[in-house]
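Pasting query_12.txt here (compact mmCIF, C-alpha atoms):
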```
# COMPACT_ATOMS: atom_id res chain seq x y z
CA MET A 164 124.63 118.23 104.89
CA THR A 165 120.85 118.41 104.88
CA VAL A 166 118.92 115.28 104.12
CA LYS A 167 116.66 115.57 101.09
CA ASN A 168 113.05 114.56 101.84
CA ALA A 169 110.55 113.01 99.46
CA SER A 170 107.05 111.66 99.93
CA ILE A 171 105.34 108.65 98.51
CA LEU A 172 101.56 108.39 98.37
CA LEU A 173 100.92 104.70 98.79
CA ALA A 174 97.77 103.16 97.32
CA HIS A 175 96.75 99.53 97.48
CA GLY A 176 97.02 98.88 93.74
CA SER A 177 94.88 96.89 91.34
CA SER A 178 95.37 95.09 88.06
CA ASP A 179 92.54 97.25 86.69
CA PRO A 180 93.78 100.48 85.04
CA HIS A 181 90.34 102.08 85.77
CA TRP A 182 91.22 101.83 89.43
CA LEU A 183 94.57 103.57 89.04
CA ALA A 184 93.50 106.69 87.12
CA PRO A 185 91.89 108.59 90.04
CA PHE A 186 95.07 108.21 92.10
CA GLU A 187 97.10 109.77 89.32
CA GLN A 188 94.63 112.67 89.23
CA LEU A 189 94.92 113.00 92.99
CA LEU A 190 98.72 113.18 92.76
CA GLU A 191 98.42 115.96 90.17
CA ARG A 192 96.01 117.85 92.42
CA ILE A 193 98.44 117.56 95.33
CA ARG A 194 101.44 118.64 93.25
CA THR A 195 99.71 121.80 92.06
CA ARG A 196 98.90 122.68 95.67
CA LEU A 197 102.40 122.31 97.08
CA ASP A 198 103.79 125.78 97.74
CA ASN A 199 107.34 124.53 98.04
CA PRO A 200 108.68 123.88 94.54
CA GLN A 201 111.32 121.59 96.08
CA ALA A 202 108.69 119.29 97.58
CA ARG A 203 108.75 115.95 95.88
CA ALA A 204 105.67 113.70 95.87
CA GLU A 205 105.34 110.42 94.02
CA LEU A 206 102.78 107.62 93.86
CA ALA A 207 103.42 103.92 94.52
CA TYR A 208 101.31 100.80 94.81
CA MET A 209 101.54 98.09 97.45
CA GLU A 210 100.68 95.34 94.97
CA LEU A 211 99.30 94.55 91.53
CA ALA A 212 100.45 97.78 89.86
CA GLU A 213 103.58 99.72 89.01
CA PRO A 214 105.49 101.58 90.31
CA SER A 215 105.76 99.33 93.36
CA LEU A 216 106.65 100.79 96.74
CA GLN A 217 110.09 99.15 96.52
CA SER A 218 110.91 100.52 93.07
CA GLN A 219 109.69 104.00 93.99
CA VAL A 220 111.82 104.07 97.18
CA ARG A 221 114.83 102.80 95.19
CA SER A 222 114.48 105.40 92.49
CA LEU A 223 114.19 108.21 95.06
CA ALA A 224 117.25 106.82 96.87
CA ASP A 225 119.08 106.83 93.51
CA GLU A 226 118.24 110.51 93.17
CA GLY A 227 119.82 111.19 96.54
CA TYR A 228 116.79 111.46 98.80
CA GLY A 229 117.78 110.46 102.34
CA HIS A 230 114.36 110.47 103.99
CA ILE A 231 111.06 109.26 102.64
CA ASP A 232 107.60 109.82 104.13
CA VAL A 233 105.09 107.18 103.10
CA LEU A 234 101.49 108.45 103.25
CA PRO A 235 98.98 105.62 102.78
CA LEU A 236 95.90 106.41 100.70
CA PHE A 237 93.93 103.83 102.66
CA PHE A 238 90.76 104.28 104.67
CA ALA A 239 92.02 102.38 107.66
CA ALA A 240 95.01 100.44 108.93
CA GLY A 241 94.45 96.71 108.67
CA ARG A 242 96.85 93.85 108.08
CA HIS A 243 98.39 95.56 105.03
CA LEU A 244 99.44 98.72 106.85
CA ARG A 245 100.15 97.11 110.20
CA LYS A 246 102.15 94.13 108.94
CA ASP A 247 102.78 93.81 105.19
CA VAL A 248 103.96 97.34 104.44
CA PRO A 249 106.20 97.70 107.56
CA ALA A 250 107.81 94.32 106.70
CA MET A 251 108.28 95.44 103.10
CA LEU A 252 109.95 98.68 104.24
CA ASP A 253 112.17 96.90 106.80
CA ASN A 254 113.45 94.51 104.14
CA LEU A 255 114.05 97.30 101.72
CA GLN A 256 115.93 99.43 104.25
CA ARG A 257 118.11 96.43 105.13
CA GLN A 258 118.88 95.79 101.44
CA LEU A 259 119.71 99.43 100.82
CA GLN A 260 121.94 99.48 103.90
CA GLN A 261 123.83 96.42 102.63
CA GLU A 262 124.39 98.37 99.42
CA GLY A 263 125.86 101.16 101.54
CA ARG A 264 122.89 103.48 101.22
CA ASP A 265 121.38 104.83 104.38
CA ILE A 266 117.82 105.94 103.98
CA SER A 267 115.20 106.60 106.65
CA ILE A 268 111.55 105.91 105.93
CA THR A 269 108.53 106.97 108.01
CA LEU A 270 105.24 105.17 107.49
CA HIS A 271 102.40 107.55 108.42
CA PRO A 272 98.85 106.67 109.49
CA PRO A 273 96.30 106.27 106.66
CA VAL A 274 95.00 109.58 105.34
CA GLY A 275 91.67 108.07 104.29
CA LEU A 276 89.83 108.69 107.52
CA GLU A 277 91.55 111.78 108.90
CA PRO A 278 88.83 114.08 110.32
CA GLU A 279 88.66 116.32 107.21
CA VAL A 280 88.36 113.31 104.94
CA ALA A 281 85.78 111.51 107.09
CA ASP A 282 83.87 114.78 107.13
CA ALA A 283 83.94 115.10 103.34
CA ILE A 284 82.85 111.47 102.95
CA SER A 285 79.92 111.93 105.30
CA GLN A 286 78.92 115.10 103.41
CA VAL A 287 78.93 113.22 100.11
CA VAL A 288 76.98 110.29 101.56
CA VAL A 289 74.40 112.50 103.33
CA ARG A 290 73.87 114.46 100.09
CA GLN A 291 73.33 111.25 98.15
CA LEU A 292 70.88 109.96 100.78
CA GLN A 293 68.74 113.11 100.89
CA MET B 160 52.15 102.12 98.02
CA THR B 161 55.48 103.88 98.40
CA VAL B 162 58.64 101.85 98.31
CA LYS B 163 60.76 102.16 101.44
CA ASN B 164 64.37 103.12 100.69
CA ALA B 165 67.47 102.16 102.65
CA SER B 166 71.16 102.71 102.06
CA ILE B 167 74.13 100.49 102.59
CA LEU B 168 77.64 101.89 102.93
CA LEU B 169 79.81 99.20 101.42
CA ALA B 170 83.42 98.84 102.57
CA HIS B 171 85.93 96.27 101.37
CA GLY B 172 86.24 94.43 104.68
CA SER B 173 89.20 92.96 106.51
CA SER B 174 89.80 90.21 109.00
CA ASP B 175 91.48 92.85 111.18
CA PRO B 176 89.08 94.52 113.67
CA HIS B 177 91.38 97.59 113.73
CA TRP B 178 90.44 98.12 110.12
CA LEU B 179 86.70 98.01 110.77
CA ALA B 180 86.43 100.50 113.66
CA PRO B 181 86.81 103.73 111.61
CA PHE B 182 84.00 102.65 109.30
CA GLU B 183 81.68 102.21 112.26
CA GLN B 184 82.63 105.71 113.44
CA LEU B 185 81.95 107.03 109.96
CA LEU B 186 78.49 105.43 109.94
CA GLU B 187 77.70 107.10 113.29
CA ARG B 188 78.87 110.46 111.94
CA ILE B 189 76.61 110.04 108.90
CA ARG B 190 73.60 108.99 110.97
CA THR B 191 73.83 112.04 113.22
CA ARG B 192 73.91 114.27 110.12
CA LEU B 193 70.84 112.84 108.42
CA ASP B 194 68.00 115.35 108.77
CA ASN B 195 65.35 112.83 107.84
CA PRO B 196 64.72 110.59 110.85
CA GLN B 197 63.25 107.98 108.47
CA ALA B 198 66.51 107.68 106.54
CA ARG B 199 68.06 104.32 107.09
CA ALA B 200 71.80 103.76 106.65
CA GLU B 201 73.70 100.59 107.40
CA LEU B 202 77.22 99.30 106.87
CA ALA B 203 78.23 96.12 105.04
CA TYR B 204 81.48 94.51 103.96
CA MET B 205 82.28 92.95 100.60
CA GLU B 206 84.43 90.25 102.14
CA LEU B 207 86.28 89.10 105.27
CA ALA B 208 83.95 90.80 107.77
CA GLU B 209 80.36 90.78 108.94
CA PRO B 210 77.73 91.92 108.15
CA SER B 211 78.25 90.85 104.55
CA LEU B 212 76.56 92.75 101.73
CA GLN B 213 74.22 89.80 101.16
CA SER B 214 73.15 89.49 104.80
CA GLN B 215 72.62 93.25 105.11
CA VAL B 216 70.45 93.38 101.95
CA ARG B 217 68.45 90.37 103.20
CA SER B 218 67.83 91.87 106.60
CA LEU B 219 66.67 95.17 105.07
CA ALA B 220 64.41 93.21 102.69
CA ASP B 221 63.01 91.36 105.73
CA GLU B 222 62.17 94.73 107.27
CA GLY B 223 60.19 95.67 104.17
CA TYR B 224 62.63 97.92 102.34
CA GLY B 225 61.93 97.75 98.60
CA HIS B 226 64.84 99.76 97.30
CA ILE B 227 68.44 99.78 98.43
CA ASP B 228 71.18 102.24 97.46
CA VAL B 229 74.65 100.81 97.80
CA LEU B 230 77.31 103.50 98.33
CA PRO B 231 80.84 102.10 98.07
CA LEU B 232 83.40 103.44 100.53
CA PHE B 233 86.16 102.75 98.03
CA PHE B 234 88.65 105.15 96.49
CA ALA B 235 88.13 103.94 92.97
CA ALA B 236 86.23 101.39 90.93
CA GLY B 237 88.38 98.41 90.05
CA ARG B 238 87.54 94.77 89.55
CA HIS B 239 85.63 94.56 92.86
CA LEU B 240 83.18 97.33 92.04
CA ARG B 241 83.00 96.71 88.31
CA LYS B 242 82.63 92.92 88.42
CA ASP B 243 82.46 91.20 91.83
CA VAL B 244 79.91 93.42 93.56
CA PRO B 245 77.51 93.71 90.55
CA ALA B 246 77.64 89.89 90.18
CA MET B 247 76.96 89.52 93.92
CA LEU B 248 73.98 91.87 93.72
CA ASP B 249 72.58 90.18 90.58
CA ASN B 250 72.68 86.77 92.25
CA LEU B 251 71.10 88.11 95.37
CA GLN B 252 68.28 89.87 93.49
CA ARG B 253 67.60 86.66 91.56
CA GLN B 254 67.46 84.63 94.78
CA LEU B 255 65.14 87.13 96.45
CA GLN B 256 62.90 87.16 93.36
CA GLN B 257 62.66 83.36 93.47
CA GLU B 258 61.53 83.75 97.09
CA GLY B 259 58.84 86.12 95.83
CA ARG B 260 60.50 89.29 97.08
CA ASP B 261 61.02 92.08 94.61
CA ILE B 262 63.75 94.45 95.63
CA SER B 263 65.60 96.97 93.51
CA ILE B 264 69.23 97.77 94.24
CA THR B 265 71.30 100.63 92.84
CA LEU B 266 75.08 100.42 93.02
CA HIS B 267 76.50 103.96 93.08
CA PRO B 268 80.00 105.12 92.07
CA PRO B 269 82.66 105.00 94.81
CA VAL B 270 82.47 107.95 97.20
CA GLY B 271 86.19 107.83 97.97
CA LEU B 272 87.33 110.17 95.24
CA GLU B 273 84.31 112.45 94.78
CA PRO B 274 85.64 116.02 94.34
CA GLU B 275 85.03 117.01 98.01
CA VAL B 276 86.80 113.89 99.24
CA ALA B 277 89.73 114.19 96.83
CA ASP B 278 89.99 117.80 97.95
CA ALA B 279 90.08 116.85 101.63
CA ILE B 280 92.68 114.16 100.96
CA SER B 281 94.92 116.57 99.10
CA GLN B 282 94.57 119.09 101.93
CA VAL B 283 95.65 116.47 104.47
CA VAL B 284 98.56 115.33 102.33
CA VAL B 285 99.74 118.86 101.54
CA ARG B 286 99.61 119.75 105.25
CA GLN B 287 101.67 116.68 106.14
CA LEU B 288 104.19 117.49 103.42
CA GLN B 289 104.74 121.11 104.45
```
Translate the structure of the given file into structure tokens.
Amino acid sequence: MTVKNASILLAHGSSDPHWLAPFEQLLERIRTRLDNPQARAELAYMELAEPSLQSQVRSLADEGYGHIDVLPLFFAAGRHLRKDVPAMLDNLQRQLQQEGRDISITLHPPVGLEPEVADAISQVVVRQLQ
Amino acid sequence: MTVKNASILLAHGSSDPHWLAPFEQLLERIRTRLDNPQARAELAYMELAEPSLQSQVRSLADEGYGHIDVLPLFFAAGRHLRKDVPAMLDNLQRQLQQEGRDISITLHPPVGLEPEVADAISQVVVRQLQ
């Protein structure tokens, strides 16, 4: 049996709906670019907004996904990505295991300052400064 | 008399030094790309790290800069960029005015999801998903 994979784009979250909108647009942009029609990408927030990371993982587990890649839409890995999110995922995996569901989750490095992204940011900033 | 312009790249800030390092690398990348050797770009943090936005604006004012562009290294504008930072800048401008220093400050939209940046992020995510 092959394990079904899904991905969650993880953003920090905010109580301000103005903050959330661009992430939803980004998810749409990513979905239209995925060649593989089977590829599943969802959005989740670490705090202050829904869907939470926990509820998104649970609903993908309910749909039968056995592996989840979490891609943080953060600029850098601070306390949140080095402590809070791993602890959140550990707890969640333990709970799911107790419920008899085995799911593996990989937390990836933040995408916010990958070379291409850092490059695009410096282009935007240099343009604004000149 | 021409007004000297400087720019501040504003990041959220974190008490975690691991979080700060990539922003310093980004600043270096931007500085090496600036054609104009007069262009001045500095980094500041909204909270939890130094230099703070206030101290960076003050030190540029001390050096004789009369206009400061603040470019937020944020993905989106939530409460911080729509309320906290404008309030911070208003207070600071008022204080500086009371000290007899007139400085204009422009807060720009977040650079984090400008089209080029959103594009680079979706490229990185799509590559990781495929």
For a quick test of understanding: name the residues of chain A lying within 6 Å of chain B when counting all atoms listed in the file, and present them as number ranges by chain. A: 179, 181-182, 193, 239-241, 279-280, 283-285
Separation of CA of Pro214 (chain A) from CA of Gly263 (chain A), in Å and rounded to one decimal: 23.3 Å
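Between CA of Thr269 (chain A) and CA of Tyr208 (chain A) there is a distance of 16.3 Å.
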Tell me, in Å to one decimal, how far CA of Val216 (chain B) is from CA of Glu258 (chain B). 14.0 Å
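With distances taken over all atoms listed in the file, A:Gln217 is the one residue among A:Gln217, A:Gln201, A:Ser222, A:Asn254 lying closest to Leu173 (chain A).
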Shell of 7 Å around Val162 (chain B), all atoms listed in the file, local chain residues under 5 positions omitted, as a ChimeraX atom specification: /B:224-226
